[in-house]
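Presented below is the structure to which this report refers.
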Amino acid sequence: MCLSKTVGHSMDKSITLPPDEIFRNLENAKRFAIDIGGSLTKLAYYSTVQHKVAKVRSFDTTAKEAPNDKLYEISVQEEVTARLHFIKFENAYIETCLDFIKDHLVNTETKVIKATGGGAHKFKELIEKKLGLNVDKEDEMTCLIKGCNFVLKNIPHEAFVYARHADSEFRFQTANPDIFPYLLVNIGSGVSIVKVESEDQFERIGGSSIGGGTFWGLGALLTKTKRFDELLQLASKGQHTNVDMLVKDIYGGSYGCLGLTGDLIASSFGKSATADKEFSKEDMAKSLLHMISNDIGQLACLYAKLHNLSRVYFGGFFIRGHPVTMHTITYSINFFTKGEVQALFLRHEGYLGAIGAFLKGAEEDNPNQYSWGENYAGSSGLMSVSPDMNPMQRARSGTFDMLEMDRLERQLVNLPLLQDPSSYIPDTVDLTEDALARDYWLYCFEDALDGVVKRAVASQPDIPEAVVRAEKFRQKYRHKLLTLRHQPL
Amino acid sequence: HFVSLIKKKLTFPWFGMDIGGTLVKLVYFEPKDITAEEEQEEVDNLKSIRRYLTSNIAYGKTGHRDVHLELQDLTLCGRTGNLHFIRFPTQDLPAFLQMARNKHFSSLHTTLCATGGGAYKFESDFRTMADLQLHKLDELDCLIRGVLYIDSVMSRGLSECYYFENPTDPDHCIQKPYTLENPYPLLLVNIGSGVSILAVYSENNYKRVTGTSLGGGTFLGLCCLLTGCSTFEEALKMASDGESTRVDKLVRDIYGGDYERFGLPGWAVASSFGNMMSKEKRESVSKEDLARATLVTITNNIGSITRMCALNENIERVVFVGNFLRVNTLSMKLLAYAMDYWSKGQLKALFLQHEGYFGAVGALLELLHPS
């Protein structure tokens, strides 16, 4: 059904989550930025969050105290943390989202919103009318690169390598101070290939019109699915060999002297050139995914080769952390460069433009002087829907995606005592990679939960709601652990 | 001694075969200098084969002889005759084998030189169904050999090689001949079911640079799925009547005009099939539009990859061959334009009249002049 853009009702019907859980902390929001792509919009804003922090002060137990004195004192203080919010939603919801934001903007003196993305042009008037802010357009590519540089430098484990059959699927890269030069392949509706040589030096060296829009458009035509995620779901279940013509279908085996193995795709959709057969949606979707991923991978390799680059980062909504897509792209890059070039993915692909636009606007605040940490509680995870997520959360992750980043009090720098920061390997346990350790620790947490709850209640004997709060905590915590078990990312 | 060697090894009929993923290409040499004596000795089935092939232009329901490509008065190995170019779908190979069996082809004890993947895949079928032994040859070796040979024999009259001047101006777009003397280095792009890109440095020195699976087979396959058509010709006809800009999302659809900063003109395609993300638009486009968009997408992609290869290999001349371009002026012109535009005039797109037959010609040459 067509999504109605005019009536507020359409939003209520399709989102079961109350909007204020998505657009959090709007009251003090300032510094807005918006990135409007061909089909998705990403909104960024900076706000302050007041929260209670419990500060614990322990008493000296050796001093002579009365036996019923407490061992420690909790004082609750109000603290203000600066937090960045990023929200992603489909363009169709833009009007209703803007209305909602306008209604909740109370304490702001902001006059300007930074906008980027191709759609910034189309929606400029709408935004100005709805939010009463001036739209200051920033170049899309600049924002993308700024955003990419920011996440690569500031967020540890932002980039990762995907290896489907290895012990750990995701191998996260530690933040490296030396990130230039690199190739960024941004796969949105179309593909842009950018060579980044320094913080300010970058160039769009090429692109392709076969991208996410092609996958969605062709996919919708072939399988009649309307949503991108549905299409990916179909693809994950399909057998592309029923639709594609492989080398072995032409040669009866491999094309030995050229090293082309029999399972390679010789002609995508090569078997569907017959009028008398029906092909399953899953198979066609898979074929389409391979076709597009391989093509993008190949082109990326050709550019990387021409410019002598060995690190290629892939961003853009096409990937969305989807394993099959990441696998095909990684495979493609390995195949075409015989392992010389590495395909890397970003955890926060899709947000790069919004982050960059925001940074352009926040230049006065010197965001690069600070360090930013992710607020894991407020951010959607890397993978999409967990099987036993409750309906609210499922709706949230399908339609809206969030990222929150807190500004840390002090800047994180490499330990000055380190001899060579770029080759240092910290002695940490990575629970995403080490399944055994993960299991162990999750089990420990679960096991200890009851004990922790009991202690918590016991520490505040004179507060009646303590039991209720503790119970709430137990539920939430247990649920979080369960989610972590199923979806470690 | 030389003559007797030929007589011993090179008995008629002379065929070259290229069994591809979608089409079988057959090249047949019809001798026109048969002496009375020879005619007397000629066995019946050989005569019948010759008559069958040369007096028909259609064979069965799907076989076809491209008369306009026939090369007359050709001298090969001391004999003079006509070279015929025949094609039929690979899926009808069993019918071909049946016919070969019926005409007792195997009793003629000739070597059948065949290339293409099918030479390997169907080798046992040839043996069991028609009692024929194939001499298998590498398809890229044959391709190069065929291209160089045909160009050399054609240079005396009509040009085998040509290019397009003013490719996007329909009123002024013309085909112009191009001499392929000193052709090296050359990028040869063979667009069949799939695509192979070769860098050719000399007659015997070439390498396969890369390939892509988005080829002719993809065009036909996607067209059949999207429009319900069943043949290449149908698909092309639909494409020529369609408007791809209704299906594709152009730069101007996103930016409202050119994206000047990066030199992207408003008419360039930003996202192929990008408009099809919207249900309304999906319902408003015609089959012809979809066919056109498929053609444009596949063609432009091949152009893109070719251009990057040319840059990486430092080659300025690109020759496009393969049956995807058969009766496909649309794609040829698109390729010509794209090469020229995106390389700012550095690359030249060239085409050859005998398009997809070079592999078969190369196979025939191997029969006559074993390397």
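In the structure tokens, chains take the letters A, B, ... in the order shown, each chain's residues start at 1, and ligands count up from 1 in the order shown.
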Tell me, which residues of segment 62-268 of chain A carry DSSP alpha helix (DSSP H), written as a PyMOL selection string? chain A and resi 94-104+119-131+140-154+212-223+228-237+247-251
Enumerate as a PyMOL selection string all residues of segment 133-347 of chain B assigned to strand (DSSP E or B) by DSSP on the backbone, naming them with the chain letters and numbers the document uses. chain B and resi 134-137+161-165+174-177+186-191+195-202+205-212+249-250+259+264+269-271+317-321
Identify every residue of chain A that has at least one atom within 8 Å of any atom of chain B, counting only C-alpha atoms, and report the result as JSON, numbers by chain. {"A": [1, 2, 38, 118, 119, 121, 122, 189, 190, 191, 204, 208, 209, 210, 211, 212, 213, 214, 216, 217, 218, 220, 221, 222, 226, 245, 249, 250, 251, 252, 253, 255, 258, 265, 266, 267, 268, 269, 270, 271, 272, 273, 274, 275, 291, 295, 299, 302, 303, 305, 306]}
Within 10 Å of Cys113 of chain B, counting only C-alpha atoms, which residues show up once you throw out same-chain ones fewer than 6 positions away? Write them as a PyMOL selection string, please. chain B and resi 14-18+119+133-137+360+362-368
Go ahead and save the residues from that selection, with all heavy atoms, as a compact mmCIF listing (two decimals), in the first residue's frame.
```
# COMPACT_ATOMS: atom_id res chain seq x y z
N TRP B 14 34.78 -29.07 -43.95
CA TRP B 14 35.56 -28.26 -43.04
C TRP B 14 34.62 -27.42 -42.18
O TRP B 14 33.88 -26.57 -42.68
CB TRP B 14 36.50 -27.31 -43.80
CG TRP B 14 37.60 -28.01 -44.54
CD1 TRP B 14 37.94 -29.32 -44.45
CD2 TRP B 14 38.49 -27.42 -45.48
NE1 TRP B 14 39.00 -29.58 -45.27
CE2 TRP B 14 39.37 -28.44 -45.92
CE3 TRP B 14 38.66 -26.12 -45.98
CZ2 TRP B 14 40.38 -28.20 -46.84
CZ3 TRP B 14 39.66 -25.89 -46.90
CH2 TRP B 14 40.53 -26.92 -47.32
N PHE B 15 34.66 -27.73 -40.88
CA PHE B 15 33.81 -27.00 -39.93
C PHE B 15 34.64 -26.41 -38.82
O PHE B 15 35.70 -26.96 -38.47
CB PHE B 15 32.82 -27.95 -39.24
CG PHE B 15 31.60 -28.27 -40.03
CD1 PHE B 15 31.39 -29.56 -40.51
CD2 PHE B 15 30.62 -27.31 -40.27
CE1 PHE B 15 30.25 -29.88 -41.23
CE2 PHE B 15 29.48 -27.61 -40.99
CZ PHE B 15 29.29 -28.90 -41.48
N GLY B 16 34.11 -25.32 -38.24
CA GLY B 16 34.67 -24.82 -36.98
C GLY B 16 33.46 -24.60 -36.08
O GLY B 16 32.46 -24.07 -36.50
N MET B 17 33.56 -25.07 -34.85
CA MET B 17 32.40 -24.98 -33.97
C MET B 17 32.73 -24.27 -32.66
O MET B 17 33.81 -24.50 -32.10
CB MET B 17 31.95 -26.40 -33.62
CG MET B 17 30.57 -26.73 -34.05
SD MET B 17 30.14 -28.36 -33.43
CE MET B 17 28.42 -28.08 -33.18
N ASP B 18 31.83 -23.45 -32.18
CA ASP B 18 32.04 -22.78 -30.89
C ASP B 18 30.75 -22.97 -30.10
O ASP B 18 29.73 -22.39 -30.43
CB ASP B 18 32.34 -21.29 -31.13
CG ASP B 18 32.48 -20.48 -29.85
OD1 ASP B 18 32.36 -21.07 -28.75
OD2 ASP B 18 32.71 -19.27 -29.94
N ALA B 119 32.29 -27.60 -25.80
CA ALA B 119 33.16 -28.63 -26.39
C ALA B 119 33.59 -29.61 -25.31
O ALA B 119 33.79 -30.79 -25.56
CB ALA B 119 34.38 -27.97 -27.02
N GLN B 133 34.23 -37.60 -32.72
CA GLN B 133 35.31 -37.26 -31.82
C GLN B 133 35.62 -35.77 -31.96
O GLN B 133 35.91 -35.30 -33.05
CB GLN B 133 36.56 -38.08 -32.17
CG GLN B 133 37.73 -37.88 -31.24
CD GLN B 133 37.44 -38.39 -29.84
OE1 GLN B 133 36.76 -39.39 -29.65
NE2 GLN B 133 37.95 -37.67 -28.85
N LEU B 134 35.54 -35.03 -30.86
CA LEU B 134 35.83 -33.60 -30.93
C LEU B 134 37.30 -33.32 -30.66
O LEU B 134 37.92 -33.96 -29.82
CB LEU B 134 35.03 -32.83 -29.88
CG LEU B 134 33.53 -32.69 -30.04
CD1 LEU B 134 32.97 -31.85 -28.90
CD2 LEU B 134 33.19 -32.05 -31.38
N HIS B 135 37.83 -32.36 -31.39
CA HIS B 135 39.18 -31.88 -31.08
C HIS B 135 38.95 -30.57 -30.33
O HIS B 135 38.57 -29.56 -30.90
CB HIS B 135 39.94 -31.65 -32.39
CG HIS B 135 41.34 -31.18 -32.19
ND1 HIS B 135 42.20 -31.75 -31.27
CD2 HIS B 135 42.04 -30.18 -32.78
CE1 HIS B 135 43.35 -31.13 -31.30
NE2 HIS B 135 43.30 -30.18 -32.19
N LYS B 136 39.16 -30.60 -29.01
CA LYS B 136 38.81 -29.46 -28.17
C LYS B 136 39.87 -28.38 -28.19
O LYS B 136 41.07 -28.65 -28.13
CB LYS B 136 38.58 -29.91 -26.74
CG LYS B 136 37.52 -30.97 -26.58
CD LYS B 136 37.17 -31.21 -25.13
CE LYS B 136 38.35 -31.70 -24.28
NZ LYS B 136 38.69 -33.08 -24.60
N LEU B 137 39.41 -27.15 -28.28
CA LEU B 137 40.34 -26.03 -28.33
C LEU B 137 39.96 -24.96 -27.33
O LEU B 137 38.78 -24.79 -27.02
CB LEU B 137 40.33 -25.41 -29.74
CG LEU B 137 40.67 -26.40 -30.86
CD1 LEU B 137 40.20 -25.84 -32.18
CD2 LEU B 137 42.16 -26.67 -30.87
N ALA B 360 34.48 -19.70 -33.57
CA ALA B 360 34.27 -20.78 -34.54
C ALA B 360 35.29 -20.68 -35.68
O ALA B 360 35.82 -21.70 -36.14
CB ALA B 360 32.85 -20.73 -35.08
N GLY B 362 38.25 -19.38 -35.48
CA GLY B 362 39.52 -19.82 -34.92
C GLY B 362 39.62 -21.33 -34.87
O GLY B 362 40.67 -21.91 -35.13
N ALA B 363 38.50 -21.99 -34.56
CA ALA B 363 38.48 -23.45 -34.50
C ALA B 363 38.73 -24.03 -35.89
O ALA B 363 39.49 -24.99 -36.06
CB ALA B 363 37.15 -23.93 -33.95
N LEU B 364 38.11 -23.43 -36.88
CA LEU B 364 38.30 -23.87 -38.27
C LEU B 364 39.77 -23.71 -38.65
O LEU B 364 40.38 -24.59 -39.27
CB LEU B 364 37.42 -23.05 -39.21
CG LEU B 364 37.62 -23.31 -40.71
CD1 LEU B 364 37.18 -24.71 -41.09
CD2 LEU B 364 36.85 -22.28 -41.54
N LEU B 365 40.36 -22.59 -38.29
CA LEU B 365 41.76 -22.34 -38.62
C LEU B 365 42.67 -23.36 -37.98
O LEU B 365 43.67 -23.76 -38.56
CB LEU B 365 42.15 -20.92 -38.18
CG LEU B 365 41.52 -19.80 -39.00
CD1 LEU B 365 41.87 -18.45 -38.38
CD2 LEU B 365 41.99 -19.86 -40.45
N GLU B 366 42.32 -23.78 -36.78
CA GLU B 366 43.12 -24.77 -36.10
C GLU B 366 43.09 -26.08 -36.86
O GLU B 366 44.09 -26.81 -36.94
CB GLU B 366 42.60 -24.95 -34.66
CG GLU B 366 43.41 -25.91 -33.82
CD GLU B 366 44.84 -25.49 -33.63
OE1 GLU B 366 45.13 -24.27 -33.65
OE2 GLU B 366 45.70 -26.39 -33.48
N LEU B 367 41.95 -26.38 -37.44
CA LEU B 367 41.82 -27.59 -38.25
C LEU B 367 42.76 -27.51 -39.45
O LEU B 367 43.45 -28.47 -39.80
CB LEU B 367 40.37 -27.74 -38.71
CG LEU B 367 40.09 -28.81 -39.78
CD1 LEU B 367 40.19 -30.20 -39.15
CD2 LEU B 367 38.71 -28.63 -40.40
N LEU B 368 42.76 -26.35 -40.10
CA LEU B 368 43.51 -26.19 -41.34
C LEU B 368 45.00 -25.91 -41.12
O LEU B 368 45.85 -26.35 -41.86
CB LEU B 368 42.91 -25.05 -42.17
CG LEU B 368 41.41 -25.21 -42.48
CD1 LEU B 368 40.90 -24.01 -43.25
CD2 LEU B 368 41.17 -26.49 -43.26
```
Using atom CA of Ile187 of chain A and atom CA of Ile355 of chain A as the two end points, give the distance in Å to one decimal. 16.8 Å
Atom CA of Lys103 of chain B to atom CA of Leu76 of chain B: how many Å, to one decimal? 25.4 Å
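Across the model, the gap from atom CA of Lys286 of chain A to atom CA of Asn190 of chain B is 26.1 Å.
Taking only C-alpha atoms into account, Pro94 of chain B lies nearest to B:Val24 out of the set B:Val24, B:Asp289, B:Thr306, B:Leu112.
By chain and then residue number, the residues within 9 Å of segment 56-72 of chain B are B:Arg51, B:Tyr52, B:Leu53, B:Thr80, B:Gly81, B:Asn82, B:Leu83, B:His84, B:Phe85, B:Ile86, B:Arg87, B:Phe88, B:Pro89, B:Asp92, B:Ala95, B:Met154, B:Gln353, B:His354, counting only C-alpha atoms and disregarding those fewer than 3 positions away in sequence.
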Would you save the residues of that selection, restricted to all heavy atoms, as a short mmCIF file (atom, residue, chain, number, x, y, z; two decimals), in the first residue's frame?
```cif
data_model
loop_
_atom_site.label_atom_id
_atom_site.label_comp_id
_atom_site.auth_asym_id
_atom_site.auth_seq_id
_atom_site.Cartn_x
_atom_site.Cartn_y
_atom_site.Cartn_z
N ARG B 51 24.65 -29.57 -49.61
CA ARG B 51 23.41 -29.01 -50.18
C ARG B 51 22.50 -28.49 -49.10
O ARG B 51 21.94 -27.40 -49.23
CB ARG B 51 22.68 -30.08 -50.99
CG ARG B 51 23.32 -30.31 -52.30
CD ARG B 51 22.32 -30.71 -53.37
NE ARG B 51 23.09 -31.18 -54.52
CZ ARG B 51 23.17 -32.46 -54.88
NH1 ARG B 51 22.54 -33.40 -54.19
NH2 ARG B 51 23.92 -32.81 -55.91
N TYR B 52 22.38 -29.28 -48.02
CA TYR B 52 21.48 -28.87 -46.93
C TYR B 52 21.90 -27.53 -46.35
O TYR B 52 21.06 -26.64 -46.15
CB TYR B 52 21.48 -29.96 -45.85
CG TYR B 52 20.63 -29.61 -44.65
CD1 TYR B 52 19.24 -29.51 -44.75
CD2 TYR B 52 21.21 -29.40 -43.40
CE1 TYR B 52 18.46 -29.18 -43.65
CE2 TYR B 52 20.44 -29.08 -42.29
CZ TYR B 52 19.07 -28.98 -42.42
OH TYR B 52 18.31 -28.67 -41.33
N LEU B 53 23.18 -27.40 -46.11
CA LEU B 53 23.64 -26.18 -45.47
C LEU B 53 23.56 -24.97 -46.39
O LEU B 53 23.19 -23.88 -45.95
CB LEU B 53 25.09 -26.35 -44.98
CG LEU B 53 25.27 -27.29 -43.79
CD1 LEU B 53 26.76 -27.40 -43.43
CD2 LEU B 53 24.50 -26.79 -42.58
N THR B 80 39.38 -22.82 -52.91
CA THR B 80 38.59 -21.58 -52.96
C THR B 80 37.14 -21.90 -52.69
O THR B 80 36.61 -22.90 -53.18
CB THR B 80 38.71 -20.92 -54.35
OG1 THR B 80 40.09 -20.89 -54.73
CG2 THR B 80 38.18 -19.50 -54.33
N GLY B 81 36.50 -21.04 -51.95
CA GLY B 81 35.10 -21.30 -51.67
C GLY B 81 34.47 -20.20 -50.84
O GLY B 81 35.03 -19.11 -50.70
N ASN B 82 33.28 -20.50 -50.31
CA ASN B 82 32.55 -19.53 -49.50
C ASN B 82 32.54 -19.97 -48.05
O ASN B 82 32.41 -21.16 -47.75
CB ASN B 82 31.11 -19.38 -49.98
CG ASN B 82 31.01 -18.92 -51.42
OD1 ASN B 82 31.94 -18.29 -51.95
ND2 ASN B 82 29.90 -19.23 -52.07
N LEU B 83 32.65 -18.98 -47.18
CA LEU B 83 32.60 -19.29 -45.75
C LEU B 83 31.22 -18.90 -45.23
O LEU B 83 30.79 -17.75 -45.38
CB LEU B 83 33.70 -18.50 -45.03
CG LEU B 83 34.11 -19.00 -43.65
CD1 LEU B 83 34.58 -20.45 -43.70
CD2 LEU B 83 35.21 -18.11 -43.08
N HIS B 84 30.51 -19.86 -44.63
CA HIS B 84 29.16 -19.62 -44.12
C HIS B 84 29.13 -19.55 -42.61
O HIS B 84 29.89 -20.25 -41.93
CB HIS B 84 28.22 -20.74 -44.59
CG HIS B 84 28.09 -20.81 -46.07
ND1 HIS B 84 27.32 -19.95 -46.81
CD2 HIS B 84 28.67 -21.66 -46.97
CE1 HIS B 84 27.41 -20.25 -48.10
NE2 HIS B 84 28.23 -21.28 -48.22
N PHE B 85 28.22 -18.73 -42.12
CA PHE B 85 28.12 -18.52 -40.67
C PHE B 85 26.74 -18.90 -40.18
O PHE B 85 25.74 -18.31 -40.55
CB PHE B 85 28.42 -17.04 -40.35
CG PHE B 85 29.81 -16.64 -40.74
CD1 PHE B 85 30.10 -16.21 -42.03
CD2 PHE B 85 30.84 -16.72 -39.81
CE1 PHE B 85 31.39 -15.87 -42.40
CE2 PHE B 85 32.15 -16.37 -40.17
CZ PHE B 85 32.42 -15.94 -41.46
N ILE B 86 26.71 -19.93 -39.34
CA ILE B 86 25.44 -20.51 -38.90
C ILE B 86 25.38 -20.52 -37.37
O ILE B 86 26.39 -20.73 -36.71
CB ILE B 86 25.33 -21.97 -39.42
CG1 ILE B 86 25.35 -21.96 -40.95
CG2 ILE B 86 24.06 -22.65 -38.90
CD1 ILE B 86 25.63 -23.31 -41.56
N ARG B 87 24.19 -20.28 -36.83
CA ARG B 87 24.05 -20.34 -35.36
C ARG B 87 22.73 -21.02 -34.97
O ARG B 87 21.76 -20.99 -35.71
CB ARG B 87 24.09 -18.92 -34.79
CG ARG B 87 23.04 -18.03 -35.38
CD ARG B 87 23.05 -16.61 -34.85
NE ARG B 87 22.42 -15.72 -35.81
CZ ARG B 87 21.11 -15.48 -35.88
NH1 ARG B 87 20.29 -16.08 -35.02
NH2 ARG B 87 20.62 -14.67 -36.80
N PHE B 88 22.76 -21.63 -33.79
CA PHE B 88 21.52 -22.17 -33.22
C PHE B 88 21.69 -22.26 -31.71
O PHE B 88 22.82 -22.29 -31.21
CB PHE B 88 21.16 -23.53 -33.83
CG PHE B 88 22.19 -24.61 -33.64
CD1 PHE B 88 22.15 -25.47 -32.55
CD2 PHE B 88 23.20 -24.78 -34.59
CE1 PHE B 88 23.10 -26.47 -32.39
CE2 PHE B 88 24.14 -25.78 -34.44
CZ PHE B 88 24.10 -26.64 -33.34
N PRO B 89 20.59 -22.25 -30.96
CA PRO B 89 20.70 -22.26 -29.50
C PRO B 89 21.34 -23.54 -28.98
O PRO B 89 21.08 -24.62 -29.51
CB PRO B 89 19.25 -22.15 -29.01
CG PRO B 89 18.46 -21.70 -30.18
CD PRO B 89 19.19 -22.17 -31.39
N ASP B 92 19.42 -26.61 -28.30
CA ASP B 92 18.99 -27.48 -29.40
C ASP B 92 20.12 -28.35 -29.93
O ASP B 92 19.99 -28.95 -31.01
CB ASP B 92 18.41 -26.62 -30.55
CG ASP B 92 17.14 -25.91 -30.14
OD1 ASP B 92 16.44 -26.44 -29.24
OD2 ASP B 92 16.85 -24.83 -30.67
N ALA B 95 19.24 -31.90 -31.07
CA ALA B 95 18.64 -32.02 -32.42
C ALA B 95 19.74 -32.03 -33.48
O ALA B 95 19.67 -32.79 -34.46
CB ALA B 95 17.67 -30.87 -32.66
N MET B 154 39.41 -9.33 -44.76
CA MET B 154 38.40 -8.34 -45.11
C MET B 154 39.00 -7.01 -45.54
O MET B 154 38.32 -6.19 -46.10
CB MET B 154 37.49 -8.07 -43.89
CG MET B 154 36.61 -9.23 -43.54
SD MET B 154 35.39 -9.52 -44.81
CE MET B 154 34.27 -8.18 -44.49
N GLN B 353 32.23 -6.74 -37.79
CA GLN B 353 31.03 -7.23 -38.47
C GLN B 353 30.64 -8.64 -38.05
O GLN B 353 29.47 -8.95 -37.93
CB GLN B 353 31.23 -7.21 -40.00
CG GLN B 353 31.54 -5.85 -40.59
CD GLN B 353 30.32 -4.99 -40.77
OE1 GLN B 353 29.20 -5.39 -40.42
NE2 GLN B 353 30.52 -3.79 -41.30
N HIS B 354 31.66 -9.51 -37.90
CA HIS B 354 31.34 -10.92 -37.64
C HIS B 354 31.17 -11.25 -36.16
O HIS B 354 31.18 -12.42 -35.77
CB HIS B 354 32.38 -11.83 -38.29
CG HIS B 354 32.22 -11.91 -39.78
ND1 HIS B 354 32.78 -10.97 -40.63
CD2 HIS B 354 31.53 -12.77 -40.56
CE1 HIS B 354 32.45 -11.26 -41.88
NE2 HIS B 354 31.68 -12.35 -41.87
#
```
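Distance check against Glu203 of chain A using only C-alpha atoms: of A:Met141, A:Ile296, A:Phe180, A:Leu246, the minimum falls on A:Met141.
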